[in-house]
file start36.txt (compact mmCIF, C-alpha atoms (C1' of nucleotides))
# COMPACT_ATOMS: atom_id res chain seq x y z
CA MET A 1 13.43 -27.94 4.06
CA ASN A 2 10.44 -28.02 6.40
CA SER A 3 10.37 -26.56 9.87
CA ALA A 4 7.91 -25.07 12.28
CA THR A 5 9.08 -21.55 11.50
CA ARG A 6 8.78 -22.08 7.77
CA ASP A 7 5.26 -23.35 8.28
CA ILE A 8 4.26 -20.40 10.45
CA ILE A 9 5.50 -18.06 7.74
CA ILE A 10 3.43 -19.86 5.11
CA ARG A 11 0.27 -19.96 7.23
CA THR A 12 0.59 -16.28 8.04
CA ALA A 13 1.21 -15.36 4.42
CA MET A 14 -1.76 -17.48 3.30
CA ASP A 15 -4.03 -15.47 5.49
CA LEU A 16 -2.56 -12.06 4.68
CA PHE A 17 -2.51 -12.70 0.92
CA TRP A 18 -6.12 -13.81 1.17
CA VAL A 19 -7.31 -10.65 2.93
CA LYS A 20 -4.94 -7.97 1.67
CA GLY A 21 -3.62 -9.49 -1.51
CA TYR A 22 -0.02 -10.14 -2.47
CA GLN A 23 1.25 -6.66 -3.26
CA SER A 24 -0.40 -4.96 -0.31
CA THR A 25 1.09 -7.50 2.06
CA SER A 26 4.60 -6.46 3.01
CA ILE A 27 7.30 -8.72 4.32
CA SER A 28 7.06 -6.67 7.51
CA ASP A 29 3.37 -7.57 7.77
CA ILE A 30 4.26 -11.25 7.60
CA LEU A 31 7.10 -10.85 10.09
CA SER A 32 5.19 -8.86 12.66
CA ARG A 33 2.13 -11.06 12.58
CA SER A 34 4.07 -14.32 12.63
CA GLN A 35 6.56 -13.10 15.25
CA VAL A 36 9.35 -14.28 12.98
CA HIS A 37 12.41 -12.18 12.29
CA SER A 38 13.68 -11.03 8.93
CA GLY A 39 16.73 -13.26 8.97
CA SER A 40 14.61 -16.37 9.52
CA LEU A 41 12.28 -15.62 6.66
CA TYR A 42 15.12 -14.99 4.26
CA HIS A 43 16.80 -18.13 5.52
CA PHE A 44 13.87 -20.17 4.24
CA PHE A 45 12.83 -18.11 1.24
CA PRO A 46 15.04 -16.32 -1.28
CA GLY A 47 12.45 -13.57 -1.65
CA LYS A 48 8.84 -12.54 -1.31
CA GLN A 49 7.73 -14.29 -4.47
CA ASP A 50 9.05 -17.59 -3.14
CA VAL A 51 6.72 -17.18 -0.17
CA LEU A 52 3.88 -16.80 -2.66
CA VAL A 53 4.98 -19.96 -4.47
CA ALA A 54 5.00 -21.87 -1.20
CA VAL A 55 1.53 -20.53 -0.38
CA LEU A 56 0.14 -21.63 -3.73
CA GLU A 57 1.80 -25.05 -3.40
CA THR A 58 0.15 -25.42 0.00
CA TYR A 59 -3.29 -24.57 -1.38
CA ARG A 60 -2.70 -27.07 -4.16
CA ASP A 61 -1.53 -29.85 -1.87
CA GLU A 62 -4.19 -29.28 0.77
CA ILE A 63 -7.34 -28.80 -1.27
CA ASP A 64 -8.86 -31.89 0.34
CA VAL A 65 -8.13 -31.21 3.98
CA GLY A 66 -8.23 -27.44 3.61
CA LEU A 67 -11.40 -27.09 1.58
CA LEU A 68 -13.32 -30.11 0.35
CA ASP A 69 -13.43 -32.27 3.48
CA HIS A 70 -14.87 -29.40 5.46
CA ALA A 71 -17.37 -28.21 2.83
CA TRP A 72 -18.61 -31.72 2.17
CA GLN A 73 -18.93 -32.85 5.75
CA GLY A 74 -22.28 -34.58 6.06
CA VAL A 75 -23.11 -34.03 2.40
CA ASP A 76 -23.44 -37.14 0.28
CA ASP A 77 -25.36 -36.20 -2.84
CA PRO A 78 -22.92 -35.11 -5.56
CA ILE A 79 -25.06 -32.17 -6.72
CA ASP A 80 -25.52 -31.05 -3.14
CA LYS A 81 -21.75 -31.19 -2.79
CA ILE A 82 -21.34 -28.64 -5.56
CA PHE A 83 -23.72 -26.19 -3.92
CA ALA A 84 -22.19 -26.89 -0.51
CA LEU A 85 -18.86 -25.80 -1.94
CA LEU A 86 -20.39 -22.55 -3.15
CA ALA A 87 -22.11 -22.09 0.21
CA GLY A 88 -18.71 -22.27 1.87
CA TYR A 89 -17.49 -19.23 -0.04
CA ARG A 90 -20.77 -17.49 0.69
CA MET A 91 -20.22 -18.05 4.40
CA HIS A 92 -16.68 -16.69 4.23
CA LEU A 93 -17.98 -13.52 2.59
CA LEU A 94 -20.69 -13.09 5.19
CA THR A 95 -18.66 -13.84 8.30
CA THR A 96 -15.79 -11.57 7.26
CA ASP A 97 -17.82 -8.62 6.01
CA PHE A 98 -16.83 -9.43 2.38
CA GLN A 99 -13.11 -9.42 3.11
CA TYR A 100 -12.37 -13.08 2.33
CA GLY A 101 -13.30 -14.04 -1.21
CA CYS A 102 -11.45 -16.72 -3.14
CA PRO A 103 -7.75 -16.72 -2.26
CA ILE A 104 -6.73 -18.04 -5.66
CA GLY A 105 -9.05 -15.86 -7.74
CA GLY A 106 -7.93 -12.75 -5.94
CA LEU A 107 -4.29 -13.48 -6.62
CA ALA A 108 -5.00 -14.52 -10.21
CA LEU A 109 -6.42 -11.12 -11.10
CA GLU A 110 -4.06 -9.11 -8.94
CA ILE A 111 -0.80 -10.40 -10.35
CA HIS A 112 -0.71 -9.12 -13.88
CA GLU A 113 2.68 -10.31 -15.04
CA PRO A 114 3.09 -13.51 -13.12
CA ASP A 115 6.31 -15.43 -12.97
CA PRO A 116 5.84 -18.71 -14.86
CA ARG A 117 5.93 -20.72 -11.64
CA VAL A 118 3.24 -18.51 -10.10
CA ARG A 119 0.99 -18.63 -13.16
CA GLU A 120 1.34 -22.40 -13.38
CA LEU A 121 0.47 -22.81 -9.71
CA LEU A 122 -2.58 -20.56 -9.99
CA ASP A 123 -3.70 -22.64 -12.95
CA GLN A 124 -3.07 -25.89 -11.09
CA ASN A 125 -5.21 -24.66 -8.24
CA PHE A 126 -8.05 -23.80 -10.59
CA ARG A 127 -7.75 -27.15 -12.31
CA ASN A 128 -7.84 -29.01 -9.00
CA TRP A 129 -11.00 -27.17 -8.03
CA VAL A 130 -12.55 -27.96 -11.40
CA ASP A 131 -11.48 -31.59 -11.01
CA ALA A 132 -13.34 -31.78 -7.73
CA VAL A 133 -16.55 -30.39 -9.23
CA GLU A 134 -16.19 -32.56 -12.31
CA SER A 135 -15.93 -35.64 -10.11
CA CYS A 136 -19.29 -34.68 -8.60
CA LEU A 137 -20.82 -34.31 -12.05
CA ILE A 138 -19.44 -37.69 -13.08
CA GLU A 139 -20.88 -39.25 -9.94
CA ALA A 140 -24.26 -37.79 -10.89
CA LYS A 141 -23.94 -38.49 -14.57
CA ASP A 142 -27.14 -40.52 -14.81
CA ARG A 143 -29.14 -37.42 -13.96
CA PHE A 144 -27.71 -35.37 -16.81
CA PRO A 145 -27.92 -35.64 -20.59
CA GLY A 146 -25.47 -38.23 -21.87
CA ASP A 147 -23.71 -35.79 -24.17
CA LEU A 148 -23.14 -33.20 -21.43
CA ASP A 149 -19.64 -31.70 -21.47
CA ARG A 150 -18.98 -32.20 -17.78
CA ARG A 151 -15.56 -30.59 -17.85
CA ALA A 152 -17.02 -27.44 -19.41
CA LEU A 153 -19.82 -27.34 -16.84
CA ALA A 154 -17.33 -27.75 -14.01
CA GLU A 155 -15.27 -24.84 -15.36
CA PHE A 156 -18.50 -22.88 -15.68
CA ILE A 157 -19.24 -23.47 -12.01
CA LEU A 158 -15.80 -22.16 -11.06
CA THR A 159 -16.49 -19.16 -13.26
CA ILE A 160 -19.74 -18.48 -11.48
CA MET A 161 -18.14 -18.81 -8.07
CA GLU A 162 -15.41 -16.33 -8.96
CA GLY A 163 -17.69 -13.87 -10.72
CA ALA A 164 -20.30 -14.02 -7.98
CA ILE A 165 -17.68 -13.33 -5.33
CA MET A 166 -16.34 -10.39 -7.35
CA GLN A 167 -19.77 -8.80 -7.62
CA ALA A 168 -20.77 -9.51 -4.04
CA LYS A 169 -17.52 -8.03 -2.70
CA THR A 170 -17.93 -4.95 -4.84
CA ALA A 171 -21.58 -4.41 -4.00
CA ARG A 172 -21.01 -5.51 -0.40
CA ASP A 173 -24.26 -7.39 -0.79
CA ILE A 174 -24.70 -11.14 -0.59
CA ALA A 175 -27.94 -10.98 -2.60
CA VAL A 176 -26.10 -10.77 -5.90
CA PHE A 177 -24.14 -13.90 -4.95
CA ASP A 178 -27.37 -15.70 -4.16
CA ARG A 179 -29.02 -14.65 -7.40
CA ASN A 180 -26.06 -15.99 -9.34
CA VAL A 181 -26.29 -19.32 -7.55
CA SER A 182 -30.04 -19.39 -8.24
CA VAL A 183 -29.48 -19.01 -11.95
CA LEU A 184 -26.93 -21.83 -11.83
CA ARG A 185 -29.39 -23.96 -9.90
CA ASN A 186 -32.00 -23.27 -12.55
CA HIS A 187 -29.54 -24.28 -15.25
CA MET A 188 -28.74 -27.55 -13.51
CA ASP A 189 -32.47 -28.23 -13.08
CA LEU A 190 -33.09 -27.60 -16.76
CA LEU A 191 -30.31 -30.04 -17.66
CA GLN A 192 -31.78 -32.68 -15.38
CA ARG A 193 -35.27 -32.24 -16.78
CA GLN A 194 -33.80 -32.48 -20.27
CA ALA A 195 -32.26 -35.81 -19.27
CA GLU A 196 -35.52 -37.07 -17.79
CA ARG A 197 -37.40 -36.41 -21.01
CA ALA A 198 -34.84 -38.30 -23.09
CA MET B 1 -11.48 21.54 -14.19
CA ASN B 2 -11.01 19.94 -17.57
CA SER B 3 -8.00 20.43 -19.77
CA ALA B 4 -6.04 18.59 -22.40
CA THR B 5 -3.34 17.68 -19.89
CA ARG B 6 -5.84 16.35 -17.41
CA ASP B 7 -7.39 14.22 -20.14
CA ILE B 8 -4.03 12.84 -21.25
CA ILE B 9 -3.30 11.81 -17.68
CA ILE B 10 -6.64 10.04 -17.42
CA ARG B 11 -6.30 8.24 -20.75
CA THR B 12 -2.78 7.13 -19.89
CA ALA B 13 -3.85 5.94 -16.46
CA MET B 14 -6.83 4.08 -17.94
CA ASP B 15 -4.52 2.08 -20.11
CA LEU B 16 -1.86 1.45 -17.47
CA PHE B 17 -4.38 0.44 -14.80
CA TRP B 18 -5.95 -1.91 -17.32
CA VAL B 19 -2.71 -3.70 -18.16
CA LYS B 20 -0.67 -3.44 -14.98
CA GLY B 21 -3.31 -2.79 -12.37
CA TYR B 22 -3.54 0.09 -9.95
CA GLN B 23 -0.86 -0.73 -7.43
CA SER B 24 1.74 -1.80 -9.96
CA THR B 25 1.27 1.42 -11.89
CA SER B 26 3.40 4.15 -10.35
CA ILE B 27 2.87 7.85 -10.73
CA SER B 28 6.19 7.84 -12.56
CA ASP B 29 4.77 5.34 -15.05
CA ILE B 30 1.89 7.68 -15.77
CA LEU B 31 4.19 10.70 -16.01
CA SER B 32 6.77 9.16 -18.30
CA ARG B 33 4.24 7.62 -20.67
CA SER B 34 2.04 10.72 -20.84
CA GLN B 35 5.00 13.09 -21.07
CA VAL B 36 3.46 15.11 -18.26
CA HIS B 37 5.49 16.40 -15.36
CA SER B 38 4.92 15.73 -11.70
CA GLY B 39 3.79 19.25 -10.90
CA SER B 40 1.07 19.13 -13.56
CA LEU B 41 -0.37 15.87 -12.35
CA TYR B 42 -0.51 17.06 -8.77
CA HIS B 43 -2.01 20.30 -9.98
CA PHE B 44 -5.03 18.39 -11.31
CA PHE B 45 -5.20 15.55 -8.82
CA PRO B 46 -4.62 15.65 -5.06
CA GLY B 47 -3.16 12.14 -5.15
CA LYS B 48 -2.94 8.85 -6.98
CA GLN B 49 -6.30 7.62 -5.77
CA ASP B 50 -7.98 10.66 -7.28
CA VAL B 51 -6.57 9.62 -10.64
CA LEU B 52 -8.22 6.25 -10.12
CA VAL B 53 -11.51 7.93 -9.28
CA ALA B 54 -11.32 9.98 -12.48
CA VAL B 55 -10.55 6.83 -14.46
CA LEU B 56 -13.55 5.01 -13.02
CA GLU B 57 -15.79 8.02 -13.63
CA THR B 58 -14.65 8.05 -17.24
CA TYR B 59 -15.46 4.37 -17.71
CA ARG B 60 -18.85 5.00 -16.16
CA ASP B 61 -19.64 8.02 -18.29
CA GLU B 62 -18.34 6.53 -21.52
CA ILE B 63 -19.78 3.03 -21.46
CA ASP B 64 -21.76 3.76 -24.62
CA VAL B 65 -19.11 5.34 -26.76
CA GLY B 66 -16.26 3.40 -25.20
CA LEU B 67 -17.75 -0.07 -25.20
CA LEU B 68 -21.29 -0.68 -26.34
CA ASP B 69 -21.42 1.29 -29.59
CA HIS B 70 -18.34 -0.48 -30.84
CA ALA B 71 -19.32 -3.98 -29.74
CA TRP B 72 -22.84 -3.64 -31.14
CA GLN B 73 -21.91 -2.11 -34.47
CA GLY B 74 -23.90 -3.93 -37.10
CA VAL B 75 -25.57 -6.18 -34.55
CA ASP B 76 -29.34 -5.81 -34.20
CA ASP B 77 -30.65 -8.89 -32.51
CA PRO B 78 -30.66 -8.37 -28.72
CA ILE B 79 -29.37 -11.85 -27.94
CA ASP B 80 -26.64 -11.47 -30.53
CA LYS B 81 -25.72 -8.21 -28.82
CA ILE B 82 -25.04 -10.02 -25.58
CA PHE B 83 -22.71 -12.47 -27.24
CA ALA B 84 -21.10 -9.70 -29.28
CA LEU B 85 -20.25 -7.98 -26.01
CA LEU B 86 -18.58 -11.14 -24.75
CA ALA B 87 -16.79 -11.56 -28.06
CA GLY B 88 -15.30 -8.11 -27.59
CA TYR B 89 -13.56 -9.19 -24.39
CA ARG B 90 -12.47 -12.38 -26.10
CA MET B 91 -10.83 -10.36 -28.84
CA HIS B 92 -9.05 -8.15 -26.34
CA LEU B 93 -7.62 -11.22 -24.65
CA LEU B 94 -6.45 -12.70 -27.92
CA THR B 95 -4.96 -9.60 -29.50
CA THR B 96 -3.03 -8.67 -26.34
CA ASP B 97 -1.76 -12.11 -25.41
CA PHE B 98 -4.12 -12.22 -22.42
CA GLN B 99 -2.90 -8.93 -20.99
CA TYR B 100 -6.14 -6.95 -21.27
CA GLY B 101 -9.02 -8.53 -19.42
CA CYS B 102 -11.83 -6.48 -17.91
CA PRO B 103 -10.54 -3.14 -16.60
CA ILE B 104 -13.20 -2.95 -13.92
CA GLY B 105 -13.04 -6.56 -12.79
CA GLY B 106 -9.29 -6.41 -12.45
CA LEU B 107 -9.46 -3.35 -10.25
CA ALA B 108 -12.38 -4.74 -8.26
CA LEU B 109 -10.40 -7.76 -7.11
CA GLU B 110 -7.08 -5.97 -6.80
CA ILE B 111 -8.17 -3.24 -4.42
CA HIS B 112 -9.00 -5.00 -1.20
CA GLU B 113 -9.82 -2.09 1.06
CA PRO B 114 -11.32 0.39 -1.34
CA ASP B 115 -12.08 3.94 -0.43
CA PRO B 116 -15.88 4.37 -0.41
CA ARG B 117 -15.76 6.51 -3.56
CA VAL B 118 -13.75 3.84 -5.37
CA ARG B 119 -15.97 0.99 -4.26
CA GLU B 120 -19.09 2.89 -5.26
CA LEU B 121 -17.65 3.66 -8.69
CA LEU B 122 -16.65 0.06 -9.29
CA ASP B 123 -20.17 -0.96 -8.35
CA GLN B 124 -21.69 1.69 -10.61
CA ASN B 125 -19.64 0.38 -13.51
CA PHE B 126 -20.81 -3.15 -12.89
CA ARG B 127 -24.41 -2.00 -12.62
CA ASN B 128 -24.19 -0.04 -15.87
CA TRP B 129 -22.86 -3.12 -17.64
CA VAL B 130 -25.66 -5.23 -16.16
CA ASP B 131 -28.18 -2.57 -17.19
CA ALA B 132 -27.00 -2.84 -20.78
CA VAL B 133 -27.36 -6.62 -20.83
CA GLU B 134 -30.69 -6.43 -19.05
CA SER B 135 -31.99 -4.05 -21.70
CA CYS B 136 -31.14 -6.69 -24.31
CA LEU B 137 -33.01 -9.32 -22.34
CA ILE B 138 -36.01 -7.03 -22.03
CA GLU B 139 -35.94 -6.39 -25.75
CA ALA B 140 -35.99 -10.15 -26.31
CA LYS B 141 -38.46 -10.88 -23.55
CA ASP B 142 -40.96 -12.66 -25.82
CA ARG B 143 -38.42 -15.39 -26.43
CA PHE B 144 -37.95 -16.18 -22.74
CA PRO B 145 -40.25 -17.57 -20.06
CA GLY B 146 -42.50 -14.86 -18.68
CA ASP B 147 -41.33 -15.32 -15.11
CA LEU B 148 -37.64 -15.07 -15.99
CA ASP B 149 -35.65 -12.90 -13.57
CA ARG B 150 -33.95 -10.81 -16.21
CA ARG B 151 -31.89 -8.80 -13.75
CA ALA B 152 -30.49 -11.96 -12.23
CA LEU B 153 -29.66 -13.38 -15.65
CA ALA B 154 -27.92 -10.14 -16.63
CA GLU B 155 -25.82 -10.28 -13.47
CA PHE B 156 -25.11 -13.92 -14.24
CA ILE B 157 -23.79 -12.95 -17.66
CA LEU B 158 -21.46 -10.40 -16.09
CA THR B 159 -20.34 -13.11 -13.70
CA ILE B 160 -19.55 -15.43 -16.56
CA MET B 161 -17.66 -12.75 -18.44
CA GLU B 162 -15.51 -11.98 -15.42
CA GLY B 163 -14.93 -15.58 -14.40
CA ALA B 164 -14.18 -16.66 -17.96
CA ILE B 165 -11.60 -13.89 -18.34
CA MET B 166 -10.00 -14.85 -15.04
CA GLN B 167 -9.60 -18.47 -16.08
CA ALA B 168 -8.50 -17.69 -19.63
CA LYS B 169 -5.85 -15.24 -18.39
CA THR B 170 -4.57 -17.74 -15.87
CA ALA B 171 -4.48 -20.65 -18.28
CA ARG B 172 -3.34 -18.40 -21.11
CA ASP B 173 -5.80 -20.35 -23.21
CA ILE B 174 -8.85 -18.92 -24.92
CA ALA B 175 -10.49 -22.36 -25.07
CA VAL B 176 -11.69 -22.14 -21.48
CA PHE B 177 -13.31 -18.79 -22.28
CA ASP B 178 -15.07 -20.31 -25.25
CA ARG B 179 -16.30 -23.30 -23.28
CA ASN B 180 -17.78 -20.96 -20.68
CA VAL B 181 -19.60 -19.01 -23.35
CA SER B 182 -20.85 -22.27 -24.86
CA VAL B 183 -22.40 -23.31 -21.58
CA LEU B 184 -24.07 -19.91 -21.31
CA ARG B 185 -25.33 -20.27 -24.88
CA ASN B 186 -26.77 -23.66 -23.98
CA HIS B 187 -28.49 -22.15 -20.95
CA MET B 188 -30.04 -19.39 -23.05
CA ASP B 189 -31.19 -21.97 -25.59
CA LEU B 190 -32.78 -24.08 -22.88
CA LEU B 191 -34.63 -21.02 -21.57
CA GLN B 192 -35.91 -20.20 -25.03
CA ARG B 193 -37.06 -23.77 -25.67
CA GLN B 194 -38.80 -23.69 -22.30
CA ALA B 195 -40.64 -20.57 -23.43
CA GLU B 196 -41.61 -22.12 -26.75
CA ARG B 197 -43.17 -25.10 -25.03
CA ALA B 198 -45.26 -22.93 -22.75
C1' DG C 1 18.60 -21.19 12.65
C1' DT C 2 17.80 -16.67 15.08
C1' DC C 3 18.29 -11.93 15.88
C1' DT C 4 19.45 -6.77 15.09
C1' DA C 5 20.60 -3.20 12.28
C1' DT C 6 20.67 -1.15 8.07
C1' DA C 7 21.48 -0.72 3.18
C1' DG C 8 19.64 0.72 -1.27
C1' DG C 9 15.86 1.58 -4.22
C1' DC C 10 11.46 3.06 -5.36
C1' DT C 11 7.22 5.45 -4.14
C1' DG C 12 3.87 9.16 -3.52
C1' DA C 13 4.01 13.66 -2.75
C1' DT C 14 5.88 18.66 -2.18
C1' DA C 15 8.46 23.23 -2.81
C1' DG C 16 9.21 26.91 -5.31
C1' DA C 17 10.93 29.21 -9.61
C1' DC C 18 8.99 30.44 -13.92
C1' DG D 1 -0.32 25.71 -15.57
C1' DT D 2 4.49 23.88 -16.21
C1' DC D 3 8.90 22.38 -14.88
C1' DT D 4 12.96 20.81 -11.87
C1' DA D 5 14.70 19.18 -7.82
C1' DT D 6 14.05 16.76 -3.90
C1' DC D 7 12.08 14.95 0.48
C1' DA D 8 10.49 11.49 3.66
C1' DG D 9 8.76 6.97 4.11
C1' DC D 10 8.22 2.35 3.06
C1' DC D 11 9.76 -1.67 0.82
C1' DT D 12 12.64 -5.81 -0.19
C1' DA D 13 16.65 -7.65 0.84
C1' DT D 14 21.33 -8.21 3.10
C1' DA D 15 25.28 -8.25 6.57
C1' DG D 16 27.09 -10.16 10.26
C1' DA D 17 27.03 -11.33 15.33
C1' DC D 18 25.35 -15.04 18.05

call {"tool": "encode", "arguments": {"input": "start36.txt", "output": "structure tokens"}}
result
Amino acid sequence: MNSATRDIIIRTAMDLFWVKGYQSTSISDILSRSQVHSGSLYHFFPGKQDVLVAVLETYRDEIDVGLLDHAWQGVDDPIDKIFALLAGYRMHLLTTDFQYGCPIGGLALEIHEPDPRVRELLDQNFRNWVDAVESCLIEAKDRFPGDLDRRALAEFILTIMEGAIMQAKTARDIAVFDRNVSVLRNHMDLLQRQAERA
Amino acid sequence: MNSATRDIIIRTAMDLFWVKGYQSTSISDILSRSQVHSGSLYHFFPGKQDVLVAVLETYRDEIDVGLLDHAWQGVDDPIDKIFALLAGYRMHLLTTDFQYGCPIGGLALEIHEPDPRVRELLDQNFRNWVDAVESCLIEAKDRFPGDLDRRALAEFILTIMEGAIMQAKTARDIAVFDRNVSVLRNHMDLLQRQAERA
DNA sequence: GTCTATAGGCTGATAGAC
DNA sequence: GTCTATCAGCCTATAGAC
């Protein structure tokens, strides 16, 4: 099932779907960039959508090595980890002139009538991301009010990341991203002060 | 420049772009649903993208009559207005089985290399929405800390709306939308209590 | 598993009569 | 301004030799 060619196809598609989206990326785009021929691709994948499924499975299975390990390198404090994660997306926006946002969020809003497998995989990817943030909040639970809904706050942080990227890409201005993160930071500070008073 | 046929094309495209997105909506889709013939469409619009431009201009010019007046009917309190706006999107999600999210946000993330006119219009639409929310915050300014960055908070609320829709659509579950709004509500409450103490 | 060639369908857009 | 007919190009996917 696995092979070097199959992997090259997936890696190439990951990148193209991230920048151009799913629909705007043609099979030819994947073939020409990966130097793979049509017959090989269709040997490994029944169709284009199956490439997308493989891409989403890869994101899901590699969230640690592909995202978290890198973003959290040298960061120990759990709250700092959350903002380091956001800073990673910020950097992608800046270094690619707002071309690379969130690969999952982009696909989630682009594909309007997703196949059940695709929708489920998008959701799994979101949930994994939320899990990671929630684990940080649990690690820092002594600093927050005891009745804090940590799951809801973790989802909220994903929401802010996605919405901030959407606005920054559209405005082509990182300032709106930063202001969003500032408001989140203020919210987290308020929660922590609330906990200190109690 | 204006005509009944032109308007029918725009209204049809508004709806189709909202549900299916821009790329997945073909000119044929617009023609068959609007009962307009190819020659008429190309008489009014040089190409498909010009239909999109007209759609975005219409959203921009009709934010009051098309969105705010309806959402704020019978709502006077400025903070209630903000949550009434969010509730409007919630209702759209629920009554359309998560098909209708935010028409602007969907297009903003779908179109990866937007024509300058398109990008500018998407941005204008976002800014108009933020303006509306900011005006609510200004109206309620006595209830918030004096140094509150109202523009940033208004952008933050747009961010939450967009991110909450993205997650709710993907999970096909309104609960995640509601939890996001709850966290926002909690943040607004914390700000107001902060102001009361000062 | 790899490579070339091409089928078959859909798309945006156009021509030209009325 | 409206309508019909149609083009040319791109797209996904397949056939079949190697």

call {"tool": "residues_near_point", "arguments": {"input": "start36.txt", "point": "(11.5, 15.1, 2.0)", "cutoff": "12 Å", "atoms": "all atoms listed in the file", "output": "MDAnalysis selection string"}}
result
(chainID C and resid 12:15) or (chainID D and resid 5:9)

call {"tool": "write_last_selection", "arguments": {"input": "start36.txt", "atoms": "C-alpha atoms (C1' of nucleotides)", "output": "PDB file, keeping the file's coordinate frame"}}
result
ATOM      1  C1'  DG C  12       3.870   9.160  -3.520  1.00  0.00           C
ATOM      2  C1'  DA C  13       4.010  13.660  -2.750  1.00  0.00           C
ATOM      3  C1'  DT C  14       5.880  18.660  -2.180  1.00  0.00           C
ATOM      4  C1'  DA C  15       8.460  23.230  -2.810  1.00  0.00           C
TER       5       DA C  15
ATOM      6  C1'  DA D   5      14.700  19.180  -7.820  1.00  0.00           C
ATOM      7  C1'  DT D   6      14.050  16.760  -3.900  1.00  0.00           C
ATOM      8  C1'  DC D   7      12.080  14.950   0.480  1.00  0.00           C
ATOM      9  C1'  DA D   8      10.490  11.490   3.660  1.00  0.00           C
ATOM     10  C1'  DG D   9       8.760   6.970   4.110  1.00  0.00           C
TER      11       DG D   9
END

call {"tool": "closest_atom_pairs", "arguments": {"input": "start36.txt", "of": "chain D", "to": "chain B", "cutoff": "10 Å", "atoms": "only C-alpha atoms (C1' of nucleotides)", "output": "Markdown table"}}
result
| residue | atom | partner | partner_atom | distance |
| --- | --- | --- | --- | --- |
| D:DG1 | C1' | B:Ser40 | CA | 7.0 |
| D:DT2 | C1' | B:Ser40 | CA | 6.4 |
| D:DC3 | C1' | B:His37 | CA | 6.9 |
| D:DT4 | C1' | B:His37 | CA | 9.4 |

call {"tool": "closest_residue", "arguments": {"input": "start36.txt", "among": "B:Ile82, B:Val19, B:Leu94, B:Ile27", "to": "chain A", "atoms": "all atoms listed in the file"}}
result
B:Val19

call {"tool": "residues_around", "arguments": {"input": "start36.txt", "residues": "stretch 95-104 of chain A", "least_positions_apart": "4", "cutoff": "7 Å", "atoms": "only C-alpha atoms (C1' of nucleotides)", "output": "mmCIF file with C-alpha atoms, in the frame of the given file"}}
result
data_model
loop_
_atom_site.group_PDB
_atom_site.id
_atom_site.type_symbol
_atom_site.label_atom_id
_atom_site.label_comp_id
_atom_site.auth_asym_id
_atom_site.auth_seq_id
_atom_site.Cartn_x
_atom_site.Cartn_y
_atom_site.Cartn_z
ATOM 1 C CA TRP A 18 -6.120 -13.810 1.170
ATOM 2 C CA VAL A 19 -7.310 -10.650 2.930
ATOM 3 C CA TYR A 89 -17.490 -19.230 -0.040
ATOM 4 C CA MET A 91 -20.220 -18.050 4.400
ATOM 5 C CA ALA A 108 -5.000 -14.520 -10.210
ATOM 6 C CA LEU A 122 -2.580 -20.560 -9.990
ATOM 7 C CA ILE A 165 -17.680 -13.330 -5.330
ATOM 8 C CA LYS A 169 -17.520 -8.030 -2.700
ATOM 9 C CA ARG A 172 -21.010 -5.510 -0.400
#

call {"tool": "interface_residues", "arguments": {"input": "start36.txt", "of": "chain B", "to": "chain A", "cutoff": "6 Å", "atoms": "only C-alpha atoms", "output": "PyMOL selection string"}}
result
chain B and resi 20+106+109-110+112+123+152+156+159-160+162-164+170-171+179-180

call {"tool": "write_last_selection", "arguments": {"input": "start36.txt", "atoms": "C-alpha atoms", "output": "tab-separated table (two decimals), in the frame of the given file"}}
result
chain	number	residue	atom	x	y	z
B	20	LYS	CA	-0.67	-3.44	-14.98
B	106	GLY	CA	-9.29	-6.41	-12.45
B	109	LEU	CA	-10.40	-7.76	-7.11
B	110	GLU	CA	-7.08	-5.97	-6.80
B	112	HIS	CA	-9.00	-5.00	-1.20
B	123	ASP	CA	-20.17	-0.96	-8.35
B	152	ALA	CA	-30.49	-11.96	-12.23
B	156	PHE	CA	-25.11	-13.92	-14.24
B	159	THR	CA	-20.34	-13.11	-13.70
B	160	ILE	CA	-19.55	-15.43	-16.56
B	162	GLU	CA	-15.51	-11.98	-15.42
B	163	GLY	CA	-14.93	-15.58	-14.40
B	164	ALA	CA	-14.18	-16.66	-17.96
B	170	THR	CA	-4.57	-17.74	-15.87
B	171	ALA	CA	-4.48	-20.65	-18.28
B	179	ARG	CA	-16.30	-23.30	-23.28
B	180	ASN	CA	-17.78	-20.96	-20.68

call {"tool": "atom_distance", "arguments": {"input": "start36.txt", "atom1": "atom CA of B:Pro145", "atom2": "atom CA of B:Asp77"}}
result
18.0 Å

call {"tool": "atom_distance", "arguments": {"input": "start36.txt", "atom1": "atom CA of B:Ser34", "atom2": "atom CA of B:Ala71"}}
result
27.4 Å

call {"tool": "axis_aligned_box", "arguments": {"input": "start36.txt", "around": "stretch 169-184 of chain B", "padding_each_side": "8 Å", "output": "lines of an AutoDock Vina configuration file"}}
result
center_x = -13.7
center_y = -19.3
center_z = -20.6
size_x = 36.7
size_y = 24.1
size_z = 25.4

call {"tool": "residues_around", "arguments": {"input": "start36.txt", "residues": "B:Ala140", "least_positions_apart": "3", "cutoff": "12 Å", "atoms": "only C-alpha atoms (C1' of nucleotides)", "output": "PyMOL selection string"}}
result
chain B and resi 76-82+133-137+143-146+148+150+188+191-192+195

call {"tool": "closest_atom_pairs", "arguments": {"input": "start36.txt", "of": "chain C", "to": "chain A", "cutoff": "9 Å", "atoms": "all atoms listed in the file", "output": "JSON lines"}}
result
{"residue": "C:DG1", "atom": "C1'", "partner": "A:Ser40", "partner_atom": "CA", "distance": 7.0}
{"residue": "C:DT2", "atom": "C1'", "partner": "A:Ser40", "partner_atom": "CA", "distance": 6.4}
{"residue": "C:DC3", "atom": "C1'", "partner": "A:His37", "partner_atom": "CA", "distance": 6.9}
